[in-house]
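File shown here: query_0.txt, holding compact mmCIF, C-alpha atoms and all ligand atoms.
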```txt
# COMPACT_ATOMS: atom_id res chain seq x y z
CA MET H 1 -44.49 51.77 -52.43
CA LYS H 2 -43.74 48.10 -52.11
CA PRO H 3 -40.29 47.41 -50.63
CA THR H 4 -37.95 45.61 -53.07
CA PRO H 5 -37.12 42.19 -51.66
CA GLN H 6 -33.46 41.81 -50.77
CA GLU H 7 -31.53 39.40 -52.96
CA PRO H 8 -30.46 36.46 -50.83
CA ARG H 9 -26.68 36.29 -50.68
CA LEU H 10 -24.14 33.85 -49.40
CA PRO H 11 -22.11 34.96 -46.39
CA THR H 12 -18.67 36.39 -47.19
CA ARG H 13 -15.64 34.31 -46.27
CA ASP H 14 -15.12 36.25 -43.01
CA GLU H 15 -18.80 36.06 -42.04
CA TYR H 16 -18.74 32.34 -42.74
CA TYR H 17 -15.56 31.93 -40.67
CA ASP H 18 -17.20 33.51 -37.62
CA LEU H 19 -20.40 31.52 -38.13
CA GLU H 20 -18.45 28.27 -38.41
CA ASN H 21 -16.19 28.97 -35.47
CA ARG H 22 -18.58 30.58 -33.00
CA LEU H 23 -21.28 27.93 -33.41
CA GLU H 24 -22.06 26.41 -30.02
CA TRP H 25 -24.83 24.26 -28.65
CA THR H 26 -26.67 24.42 -25.35
CA PRO H 27 -26.42 21.10 -23.55
CA LYS H 28 -29.73 19.98 -22.05
CA TYR H 29 -28.99 16.56 -20.60
CA VAL H 30 -25.58 17.13 -19.04
CA SER H 31 -24.02 19.98 -17.10
CA GLU H 32 -21.09 22.03 -18.41
CA GLU H 33 -18.83 20.26 -15.86
CA GLU H 34 -19.85 16.86 -17.24
CA LEU H 35 -19.40 17.94 -20.84
CA PHE H 36 -15.99 19.51 -20.17
CA PRO H 37 -14.55 17.67 -17.13
CA VAL H 38 -11.84 19.74 -15.53
CA ASP H 39 -9.44 16.73 -15.65
CA MET H 40 -9.58 16.87 -19.45
CA THR H 41 -10.12 20.60 -20.09
CA GLY H 42 -7.76 21.91 -17.40
CA VAL H 43 -7.52 24.87 -15.07
CA PRO H 44 -8.33 27.70 -14.61
CA ASN H 45 -11.84 26.43 -15.16
CA LEU H 46 -13.42 29.41 -16.93
CA PRO H 47 -17.07 29.20 -18.08
CA ILE H 48 -17.72 28.31 -21.72
CA ASP H 49 -19.27 31.75 -22.42
CA VAL H 50 -16.01 33.44 -21.43
CA TRP H 51 -14.00 31.26 -23.80
CA ALA H 52 -16.48 31.77 -26.64
CA GLU H 53 -16.25 35.54 -26.15
CA LEU H 54 -12.49 35.93 -25.63
CA TYR H 55 -10.73 33.18 -27.61
CA ASP H 56 -9.61 34.79 -30.86
CA ALA H 57 -7.00 33.00 -32.97
CA PRO H 58 -4.57 35.04 -35.08
CA TYR H 59 -4.34 32.46 -37.89
CA LYS H 60 -7.76 32.02 -39.45
CA VAL H 61 -8.35 29.20 -41.91
CA THR H 62 -11.58 27.55 -43.03
CA TYR H 63 -11.88 23.81 -43.60
CA ARG H 64 -12.16 24.30 -47.37
CA GLU H 65 -8.96 26.38 -47.44
CA TYR H 66 -7.21 23.88 -45.18
CA VAL H 67 -8.00 20.90 -47.43
CA LYS H 68 -6.90 22.77 -50.59
CA ASN H 69 -3.58 23.87 -49.00
CA GLN H 70 -2.79 20.43 -47.61
CA LYS H 71 -3.56 18.71 -50.90
CA GLU H 72 -1.20 21.07 -52.75
CA LYS H 73 1.53 20.52 -50.15
CA ASP H 74 1.27 16.72 -50.39
CA GLN H 75 1.27 16.81 -54.21
CA LYS H 76 4.47 18.86 -54.13
CA VAL H 77 6.24 16.65 -51.56
CA PHE H 78 5.30 13.36 -53.26
CA SER H 79 6.35 14.49 -56.72
CA VAL H 80 9.71 15.70 -55.36
CA ARG H 81 10.12 12.38 -53.48
CA ASP H 82 9.48 10.44 -56.73
CA ALA H 83 12.16 12.51 -58.47
CA GLY H 84 14.57 11.82 -55.58
CA ILE H 85 13.95 8.05 -55.79
CA ARG H 86 14.49 8.04 -59.58
CA ALA H 87 17.74 10.01 -59.19
CA GLU H 88 18.90 7.67 -56.35
CA LEU H 89 19.46 10.78 -54.28
CA VAL H 90 20.09 8.98 -50.96
CA LYS H 91 23.25 7.34 -52.39
CA LYS H 92 24.65 10.70 -53.49
CA LEU H 93 24.25 12.69 -50.26
CA ASP H 94 27.18 13.67 -48.07
CA SER H 95 27.46 10.85 -45.52
CA THR H 96 28.12 13.15 -42.52
CA TYR H 97 24.84 14.94 -43.23
CA HIS H 98 22.94 11.79 -44.19
CA GLN H 99 24.02 9.48 -41.33
CA GLY H 100 24.23 12.35 -38.83
CA ALA H 101 21.84 15.30 -38.58
CA PHE H 102 19.33 13.98 -41.12
CA CYS H 103 19.20 10.48 -39.56
CA PHE H 104 18.83 11.96 -36.06
CA HIS H 105 15.86 14.12 -37.06
CA ILE H 106 14.03 11.61 -39.21
CA THR H 107 14.24 8.82 -36.61
CA ALA H 108 13.57 10.94 -33.49
CA VAL H 109 10.62 13.01 -34.71
CA PRO H 110 7.85 10.73 -36.16
CA ILE H 111 6.60 9.19 -32.88
CA PRO H 112 6.41 12.54 -30.99
CA GLU H 113 4.49 13.86 -34.04
CA TYR H 114 2.03 10.98 -33.56
CA THR H 115 1.64 11.72 -29.83
CA ALA H 116 0.98 15.36 -30.75
CA ALA H 117 -1.92 14.14 -32.95
CA ILE H 118 -3.45 12.51 -29.84
CA ALA H 119 -3.14 15.68 -27.76
CA GLU H 120 -4.55 17.83 -30.59
CA ILE H 121 -7.57 15.49 -30.72
CA ARG H 122 -7.95 15.96 -26.95
CA MET H 123 -8.15 19.74 -27.51
CA ALA H 124 -10.54 19.17 -30.43
CA ARG H 125 -12.92 17.52 -27.95
CA PHE H 126 -12.29 19.24 -24.60
CA ALA H 127 -11.27 22.82 -25.47
CA LYS H 128 -14.05 25.20 -24.49
CA ALA H 129 -14.05 27.53 -27.55
CA GLY H 130 -15.37 26.48 -30.98
CA GLU H 131 -12.53 28.17 -32.86
CA TRP H 132 -9.96 26.44 -30.62
CA ARG H 133 -11.60 23.03 -31.23
CA ASN H 134 -11.70 23.55 -35.01
CA LEU H 135 -8.04 24.63 -35.19
CA ALA H 136 -7.10 21.62 -33.05
CA THR H 137 -8.96 19.34 -35.48
CA PHE H 138 -6.75 20.68 -38.29
CA GLY H 139 -3.74 20.34 -35.94
CA SER H 140 -4.45 16.64 -35.33
CA MET H 141 -4.64 15.99 -39.08
CA ASP H 142 -1.36 17.93 -39.49
CA GLU H 143 0.41 15.78 -36.91
CA VAL H 144 -0.80 12.51 -38.43
CA ARG H 145 0.53 13.76 -41.79
CA HIS H 146 3.90 14.68 -40.22
CA ALA H 147 4.25 11.29 -38.51
CA GLN H 148 3.36 9.33 -41.64
CA LEU H 149 5.46 11.43 -44.03
CA GLN H 150 8.59 11.25 -41.87
CA ILE H 151 8.24 7.49 -41.25
CA LEU H 152 7.95 7.10 -45.03
CA LEU H 153 11.12 9.14 -45.61
CA SER H 154 12.95 7.04 -42.97
CA HIS H 155 11.79 3.90 -44.76
CA ASP H 156 13.21 5.22 -48.04
CA ASN H 157 16.64 5.22 -46.33
CA VAL H 158 16.56 1.82 -44.57
CA THR H 159 18.25 0.08 -47.51
CA VAL H 160 21.19 2.50 -47.22
CA ASN H 161 21.58 2.10 -43.45
CA PRO H 162 19.45 -0.05 -41.05
CA LYS H 163 19.65 2.59 -38.30
CA PHE H 164 16.86 4.48 -40.11
CA ALA H 165 14.51 1.76 -38.76
CA PHE H 166 14.82 3.57 -35.41
CA ALA H 167 12.04 5.87 -36.62
CA HIS H 168 9.82 3.01 -35.37
CA LYS H 169 12.09 1.47 -32.73
CA MET H 170 13.59 4.38 -30.84
CA PHE H 171 10.84 5.09 -28.30
CA TRP H 172 10.64 1.38 -27.35
CA THR H 173 14.31 1.16 -26.38
CA ASP H 174 15.84 2.12 -23.04
CA GLY H 175 18.70 4.35 -24.10
CA TRP H 176 19.12 7.54 -22.06
CA LEU H 177 17.76 9.71 -24.87
CA PRO H 178 14.50 7.73 -25.45
CA ILE H 179 13.91 7.54 -21.66
CA ALA H 180 14.35 11.32 -21.28
CA ALA H 181 12.28 12.03 -24.40
CA ARG H 182 9.44 9.68 -23.32
CA SER H 183 9.28 11.36 -19.95
CA PHE H 184 9.35 14.86 -21.48
CA PHE H 185 6.65 14.10 -24.07
CA ASP H 186 4.44 12.31 -21.51
CA ASP H 187 4.56 15.44 -19.35
CA THR H 188 3.99 17.95 -22.15
CA ILE H 189 1.87 16.02 -24.68
CA THR H 190 0.28 12.66 -23.87
CA GLY H 191 -0.57 13.28 -20.20
CA THR H 192 -1.88 16.84 -20.50
CA THR H 193 -5.23 18.60 -20.29
CA ALA H 194 -6.36 20.70 -23.27
CA ILE H 195 -5.12 23.89 -21.54
CA GLU H 196 -1.78 22.38 -20.49
CA PHE H 197 -1.09 21.08 -24.01
CA ALA H 198 -2.01 24.45 -25.56
CA LEU H 199 0.43 26.27 -23.27
CA LEU H 200 3.26 23.74 -22.88
CA THR H 201 3.39 22.44 -26.43
CA THR H 202 1.69 24.72 -28.94
CA PHE H 203 2.62 28.01 -27.26
CA ALA H 204 6.03 27.21 -25.76
CA PHE H 205 7.57 24.16 -27.46
CA GLU H 206 6.27 24.58 -31.00
CA THR H 207 6.90 28.31 -31.11
CA GLY H 208 10.30 28.21 -29.44
CA PHE H 209 11.65 24.89 -30.70
CA THR H 210 9.77 23.05 -33.47
CA ASN H 211 9.43 26.01 -35.83
CA LEU H 212 13.06 27.04 -35.42
CA GLN H 213 14.27 23.46 -35.83
CA PHE H 214 12.28 22.90 -39.02
CA ILE H 215 13.41 26.17 -40.61
CA ALA H 216 17.08 25.39 -39.79
CA TYR H 217 16.75 21.81 -41.05
CA ALA H 218 15.15 22.95 -44.33
CA ALA H 219 18.07 25.37 -44.88
CA MET H 220 20.64 22.70 -44.00
CA ALA H 221 19.01 20.09 -46.29
CA ASN H 222 18.98 22.62 -49.09
CA LYS H 223 22.70 23.24 -48.63
CA ALA H 224 23.37 19.48 -48.62
CA ASN H 225 21.41 19.16 -51.93
CA ASP H 226 18.77 17.01 -50.22
CA PHE H 227 15.85 18.55 -52.10
CA VAL H 228 13.44 15.82 -50.87
CA PHE H 229 13.94 16.52 -47.16
CA SER H 230 14.12 20.26 -47.73
CA THR H 231 10.70 20.24 -49.48
CA ALA H 232 9.16 17.89 -46.88
CA THR H 233 10.44 19.97 -43.97
CA GLN H 234 9.13 23.22 -45.44
CA SER H 235 5.72 21.63 -45.96
CA ILE H 236 5.68 20.47 -42.30
CA GLN H 237 6.95 23.77 -40.90
CA THR H 238 4.12 25.72 -42.54
CA ASP H 239 1.65 23.47 -40.66
CA GLU H 240 3.58 23.93 -37.41
CA SER H 241 3.51 27.71 -37.69
CA ARG H 242 -0.29 27.54 -38.03
CA HIS H 243 -1.13 25.23 -35.16
CA ALA H 244 1.67 26.61 -32.96
CA GLN H 245 -0.61 29.66 -32.64
CA ILE H 246 -3.42 27.77 -30.91
CA GLY H 247 -1.84 28.46 -27.51
CA HIS H 248 -1.34 32.24 -27.84
CA PRO H 249 -5.07 33.10 -27.57
CA VAL H 250 -5.38 30.71 -24.58
CA LEU H 251 -2.75 32.74 -22.75
CA LYS H 252 -4.36 36.00 -23.89
CA THR H 253 -7.75 34.84 -22.59
CA PHE H 254 -6.21 34.34 -19.13
CA THR H 255 -4.60 37.80 -19.13
CA ASP H 256 -7.85 39.42 -20.38
CA VAL H 257 -9.84 37.70 -17.62
CA THR H 258 -7.29 38.74 -14.98
CA LYS H 259 -7.41 42.36 -16.21
CA LEU H 260 -11.23 42.33 -16.20
CA SER H 261 -11.46 40.93 -12.67
CA GLU H 262 -8.89 43.48 -11.39
CA GLU H 263 -10.93 46.31 -12.93
CA LEU H 264 -14.12 44.92 -11.36
CA GLN H 265 -12.45 44.66 -7.95
CA LYS H 266 -11.33 48.30 -8.18
CA LYS H 267 -14.94 49.35 -8.82
CA VAL H 268 -16.29 47.39 -5.83
FE FE Q 301 4.15 18.23 -36.32
FE FE Q 302 3.05 20.41 -34.17
```

Output the file's structure as structure tokens, nothing else.
Amino acid sequence: MKPTPQEPRLPTRDEYYDLENRLEWTPKYVSEEELFPVDMTGVPNLPIDVWAELYDAPYKVTYREYVKNQKEKDQKVFSVRDAGIRAELVKKLDSTYHQGAFCFHITAVPIPEYTAAIAEIRMARFAKAGEWRNLATFGSMDEVRHAQLQILLSHDNVTVNPKFAFAHKMFWTDGWLPIAARSFFDDTITGTTAIEFALLTTFAFETGFTNLQFIAYAAMANKANDFVFSTATQSIQTDESRHAQIGHPVLKTFTDVTKLSEELQKKV
């Protein structure tokens, strides 16, 4: 009997995810060390095969899903912002909230967000696992969105108080806070290898600080009737919680490798 030919079928979403994220190439003209210099990738310098095998992110999103989600988030934020401008919301907010906590956040955060975009792009090029590079590509687009959105919201407030212009100015002044912040962000973001940034910023700082700050700020803005900032902050926080998880599998890869080498040593 003739075998019935199998109907060709498209891969399922999960099959496609693995195909997309585990796709690697074999370099012929350069060595692995030249393709991923240790000064950019970081230490410990594990082989690419180990990363490809062990790096497994908890938050799995395809490019198509990412674009759809981000488009919906931006549509929501920009329609709420339009409503806020029409209602002259900034003139009606409590001045302690508006000139205090809100002003501090919206002027201090945009430039670090932009530096985070640079470091995410560094991981998108020099991280040694495909899934890590793809998630970092989304992360860099997230951070550009956060920088631009928060500079725009600062600009909406400049007519009420000129100190909102510090969203642009702050990191080019020599106050004690900008000096300390520049030094901190140079160490943890702009001057890091892919591995250092994944551990220092995405694993430690974004999990322990950014996510908590954005959730608290969204709640506070809501209480102060600032529905524009509350919506914007929620839309940013949901990005942060996704790319904050880039660093967890980096740490897990190191512990898995350590466990494996200890087991091997016991057998020898
Ligand atoms: Fe961000
Ligand atoms: Fe971030």

Original post:
Using all atoms listed in the file, which residue out of H:Glu113, H:Asp142, H:Asp74, H:Asp156 lies closest to Ala232 in chain H?
Top reply: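 That would be H:Asp74, the residue with the smallest distance to Ala232 in chain H.
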
Subject >> For Leu46 in chain H, the nearest of the candidates H:Ile195, H:Ala221, H:Ala101, H:Leu212, counting only C-alpha atoms >> reply: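 The shortest atom-to-atom distance to Leu46 in chain H comes from H:Ile195.
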
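Proximity ranking of H:Thr238, H:Thr159, H:Thr173, H:Asn222 relative to ligand FE 302 (chain Q) places H:Thr238 first, based on all atoms listed in the file.
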
Original post:
Between CA of Gln213 in chain H and CA of Lys252 in chain H, what is the spacing in Å?
Top reply: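 Between CA of Lys252 in chain H and CA of Gln213 in chain H the gap works out to 25.4 Å.
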
**OP:** Would you work out the distance separating CA of Leu35 in chain H from CA of Glu20 in chain H, expressed in Å to one decimal?
**Re:**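 Result for CA of Leu35 in chain H versus CA of Glu20 in chain H: 20.4 Å, one decimal.
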
So which residues are near ligand FE 302 (chain Q), meaning at most 12 Å away with all atoms listed in the file counted, given back as a short mmCIF file (atom, residue, chain, number, x, y, z; two decimals) with C-alpha atoms, in the coordinates of the input?
```
data_model
loop_
_atom_site.label_atom_id
_atom_site.label_comp_id
_atom_site.auth_asym_id
_atom_site.auth_seq_id
_atom_site.Cartn_x
_atom_site.Cartn_y
_atom_site.Cartn_z
CA VAL H 109 10.62 13.01 -34.71
CA PRO H 110 7.85 10.73 -36.16
CA ILE H 111 6.60 9.19 -32.88
CA PRO H 112 6.41 12.54 -30.99
CA GLU H 113 4.49 13.86 -34.04
CA TYR H 114 2.03 10.98 -33.56
CA THR H 115 1.64 11.72 -29.83
CA ALA H 116 0.98 15.36 -30.75
CA ALA H 117 -1.92 14.14 -32.95
CA ILE H 118 -3.45 12.51 -29.84
CA ALA H 119 -3.14 15.68 -27.76
CA GLU H 120 -4.55 17.83 -30.59
CA LEU H 135 -8.04 24.63 -35.19
CA ALA H 136 -7.10 21.62 -33.05
CA PHE H 138 -6.75 20.68 -38.29
CA GLY H 139 -3.74 20.34 -35.94
CA SER H 140 -4.45 16.64 -35.33
CA MET H 141 -4.64 15.99 -39.08
CA ASP H 142 -1.36 17.93 -39.49
CA GLU H 143 0.41 15.78 -36.91
CA VAL H 144 -0.80 12.51 -38.43
CA ARG H 145 0.53 13.76 -41.79
CA HIS H 146 3.90 14.68 -40.22
CA ALA H 147 4.25 11.29 -38.51
CA ILE H 189 1.87 16.02 -24.68
CA PHE H 197 -1.09 21.08 -24.01
CA ALA H 198 -2.01 24.45 -25.56
CA LEU H 200 3.26 23.74 -22.88
CA THR H 201 3.39 22.44 -26.43
CA THR H 202 1.69 24.72 -28.94
CA PHE H 203 2.62 28.01 -27.26
CA ALA H 204 6.03 27.21 -25.76
CA PHE H 205 7.57 24.16 -27.46
CA GLU H 206 6.27 24.58 -31.00
CA THR H 207 6.90 28.31 -31.11
CA GLY H 208 10.30 28.21 -29.44
CA PHE H 209 11.65 24.89 -30.70
CA THR H 210 9.77 23.05 -33.47
CA ASN H 211 9.43 26.01 -35.83
CA GLN H 213 14.27 23.46 -35.83
CA PHE H 214 12.28 22.90 -39.02
CA ILE H 236 5.68 20.47 -42.30
CA GLN H 237 6.95 23.77 -40.90
CA THR H 238 4.12 25.72 -42.54
CA ASP H 239 1.65 23.47 -40.66
CA GLU H 240 3.58 23.93 -37.41
CA SER H 241 3.51 27.71 -37.69
CA ARG H 242 -0.29 27.54 -38.03
CA HIS H 243 -1.13 25.23 -35.16
CA ALA H 244 1.67 26.61 -32.96
CA GLN H 245 -0.61 29.66 -32.64
CA ILE H 246 -3.42 27.77 -30.91
CA GLY H 247 -1.84 28.46 -27.51
#
```

Subject >> For CA of Asp174 in chain H and CA of Thr192 in chain H, the interatomic separation in Å (one decimal) >> reply: 23.2 Å

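Minimum distance to Ser31 in chain H across H:Pro47, H:Val90, H:Lys169, H:Lys73 (counting only C-alpha atoms) occurs at H:Pro47.
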
Subject >> Top pick for closest residue to ligand FE 301 (chain Q), considering H:Leu251, H:Thr233, H:Ala180, H:Arg86 and counting all atoms listed in the file >> reply: H:Thr233

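The closest residue to Phe229 in chain H, picked from H:Gly191, H:Gly84, H:Pro8, H:Gly42 and counting all atoms listed in the file, is H:Gly84.
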
**OP:** Mind checking which residues fall within 7 Å of Ala52 in chain H, counting only C-alpha atoms, ignoring those fewer than 4 positions away in the same chain, and posting them as an MDAnalysis selection string?
**Re:** chainID H and resid 22 48 129:130

Because some atoms of range 35-56 of chain H are absent here, can you restore N, CA, C and O atoms and send them as a PDB file, in the frame of the given file?
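File result-v1.pdb, as written:
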```pdb
ATOM      1  N   LEU H  35     -19.782  17.872 -19.429  1.00  0.00           N
ATOM      2  CA  LEU H  35     -19.400  17.940 -20.840  1.00  0.00           C
ATOM      3  C   LEU H  35     -17.911  18.262 -21.009  1.00  0.00           C
ATOM      4  O   LEU H  35     -17.250  17.751 -21.913  1.00  0.00           O
ATOM      5  N   PHE H  36     -17.411  19.136 -20.138  1.00  0.00           N
ATOM      6  CA  PHE H  36     -15.990  19.510 -20.170  1.00  0.00           C
ATOM      7  C   PHE H  36     -15.370  19.243 -18.804  1.00  0.00           C
ATOM      8  O   PHE H  36     -15.145  20.185 -18.029  1.00  0.00           O
ATOM      9  N   PRO H  37     -15.124  17.952 -18.462  1.00  0.00           N
ATOM     10  CA  PRO H  37     -14.550  17.670 -17.130  1.00  0.00           C
ATOM     11  C   PRO H  37     -13.225  18.402 -16.956  1.00  0.00           C
ATOM     12  O   PRO H  37     -12.432  18.470 -17.905  1.00  0.00           O
ATOM     13  N   VAL H  38     -13.026  18.924 -15.766  1.00  0.00           N
ATOM     14  CA  VAL H  38     -11.840  19.740 -15.530  1.00  0.00           C
ATOM     15  C   VAL H  38     -10.548  18.920 -15.700  1.00  0.00           C
ATOM     16  O   VAL H  38      -9.514  19.450 -16.105  1.00  0.00           O
ATOM     17  N   ASP H  39     -10.620  17.602 -15.464  1.00  0.00           N
ATOM     18  CA  ASP H  39      -9.440  16.730 -15.650  1.00  0.00           C
ATOM     19  C   ASP H  39      -9.013  16.675 -17.116  1.00  0.00           C
ATOM     20  O   ASP H  39      -7.863  16.349 -17.407  1.00  0.00           O
ATOM     21  N   MET H  40      -9.916  16.918 -18.026  1.00  0.00           N
ATOM     22  CA  MET H  40      -9.580  16.870 -19.450  1.00  0.00           C
ATOM     23  C   MET H  40      -9.392  18.275 -20.028  1.00  0.00           C
ATOM     24  O   MET H  40      -8.554  18.505 -20.888  1.00  0.00           O
ATOM     25  N   THR H  41     -10.213  19.235 -19.564  1.00  0.00           N
ATOM     26  CA  THR H  41     -10.120  20.600 -20.090  1.00  0.00           C
ATOM     27  C   THR H  41      -8.974  21.361 -19.435  1.00  0.00           C
ATOM     28  O   THR H  41      -8.233  22.072 -20.107  1.00  0.00           O
ATOM     29  N   GLY H  42      -8.852  21.236 -18.106  1.00  0.00           N
ATOM     30  CA  GLY H  42      -7.760  21.910 -17.400  1.00  0.00           C
ATOM     31  C   GLY H  42      -8.211  23.108 -16.595  1.00  0.00           C
ATOM     32  O   GLY H  42      -9.388  23.479 -16.590  1.00  0.00           O
ATOM     33  N   VAL H  43      -7.246  23.686 -15.888  1.00  0.00           N
ATOM     34  CA  VAL H  43      -7.520  24.870 -15.070  1.00  0.00           C
ATOM     35  C   VAL H  43      -6.690  26.048 -15.573  1.00  0.00           C
ATOM     36  O   VAL H  43      -5.639  25.825 -16.180  1.00  0.00           O
ATOM     37  N   PRO H  44      -7.114  27.299 -15.332  1.00  0.00           N
ATOM     38  CA  PRO H  44      -8.330  27.700 -14.610  1.00  0.00           C
ATOM     39  C   PRO H  44      -9.596  27.334 -15.381  1.00  0.00           C
ATOM     40  O   PRO H  44      -9.641  27.423 -16.597  1.00  0.00           O
ATOM     41  N   ASN H  45     -10.600  26.948 -14.590  1.00  0.00           N
ATOM     42  CA  ASN H  45     -11.840  26.430 -15.160  1.00  0.00           C
ATOM     43  C   ASN H  45     -12.812  27.573 -15.474  1.00  0.00           C
ATOM     44  O   ASN H  45     -13.751  27.822 -14.729  1.00  0.00           O
ATOM     45  N   LEU H  46     -12.557  28.277 -16.584  1.00  0.00           N
ATOM     46  CA  LEU H  46     -13.420  29.410 -16.930  1.00  0.00           C
ATOM     47  C   LEU H  46     -14.705  28.907 -17.600  1.00  0.00           C
ATOM     48  O   LEU H  46     -14.671  27.884 -18.291  1.00  0.00           O
ATOM     49  N   PRO H  47     -15.818  29.640 -17.442  1.00  0.00           N
ATOM     50  CA  PRO H  47     -17.070  29.200 -18.080  1.00  0.00           C
ATOM     51  C   PRO H  47     -16.974  29.253 -19.611  1.00  0.00           C
ATOM     52  O   PRO H  47     -16.217  30.052 -20.167  1.00  0.00           O
ATOM     53  N   ILE H  48     -17.755  28.430 -20.259  1.00  0.00           N
ATOM     54  CA  ILE H  48     -17.720  28.310 -21.720  1.00  0.00           C
ATOM     55  C   ILE H  48     -18.023  29.651 -22.411  1.00  0.00           C
ATOM     56  O   ILE H  48     -17.448  29.971 -23.447  1.00  0.00           O
ATOM     57  N   ASP H  49     -18.920  30.456 -21.808  1.00  0.00           N
ATOM     58  CA  ASP H  49     -19.270  31.750 -22.420  1.00  0.00           C
ATOM     59  C   ASP H  49     -18.055  32.676 -22.490  1.00  0.00           C
ATOM     60  O   ASP H  49     -17.905  33.452 -23.424  1.00  0.00           O
ATOM     61  N   VAL H  50     -17.203  32.592 -21.461  1.00  0.00           N
ATOM     62  CA  VAL H  50     -16.010  33.440 -21.430  1.00  0.00           C
ATOM     63  C   VAL H  50     -15.062  33.039 -22.552  1.00  0.00           C
ATOM     64  O   VAL H  50     -14.541  33.888 -23.286  1.00  0.00           O
ATOM     65  N   TRP H  51     -14.864  31.739 -22.717  1.00  0.00           N
ATOM     66  CA  TRP H  51     -14.000  31.260 -23.800  1.00  0.00           C
ATOM     67  C   TRP H  51     -14.546  31.669 -25.162  1.00  0.00           C
ATOM     68  O   TRP H  51     -13.818  32.150 -26.029  1.00  0.00           O
ATOM     69  N   ALA H  52     -15.863  31.466 -25.343  1.00  0.00           N
ATOM     70  CA  ALA H  52     -16.480  31.770 -26.640  1.00  0.00           C
ATOM     71  C   ALA H  52     -16.311  33.252 -26.978  1.00  0.00           C
ATOM     72  O   ALA H  52     -16.114  33.630 -28.130  1.00  0.00           O
ATOM     73  N   GLU H  53     -16.345  34.095 -25.950  1.00  0.00           N
ATOM     74  CA  GLU H  53     -16.250  35.540 -26.150  1.00  0.00           C
ATOM     75  C   GLU H  53     -14.787  35.973 -26.390  1.00  0.00           C
ATOM     76  O   GLU H  53     -14.511  36.808 -27.247  1.00  0.00           O
ATOM     77  N   LEU H  54     -13.862  35.401 -25.630  1.00  0.00           N
ATOM     78  CA  LEU H  54     -12.490  35.930 -25.630  1.00  0.00           C
ATOM     79  C   LEU H  54     -11.493  35.201 -26.532  1.00  0.00           C
ATOM     80  O   LEU H  54     -10.501  35.782 -26.955  1.00  0.00           O
ATOM     81  N   TYR H  55     -11.715  33.913 -26.802  1.00  0.00           N
ATOM     82  CA  TYR H  55     -10.730  33.180 -27.610  1.00  0.00           C
ATOM     83  C   TYR H  55     -10.769  33.687 -29.046  1.00  0.00           C
ATOM     84  O   TYR H  55     -11.803  33.625 -29.705  1.00  0.00           O
ATOM     85  N   ASP H  56      -9.648  34.209 -29.515  1.00  0.00           N
ATOM     86  CA  ASP H  56      -9.610  34.790 -30.860  1.00  0.00           C
ATOM     87  C   ASP H  56      -8.264  34.458 -31.499  1.00  0.00           C
ATOM     88  O   ASP H  56      -7.248  35.054 -31.163  1.00  0.00           O
TER      89      ASP H  56
END
```
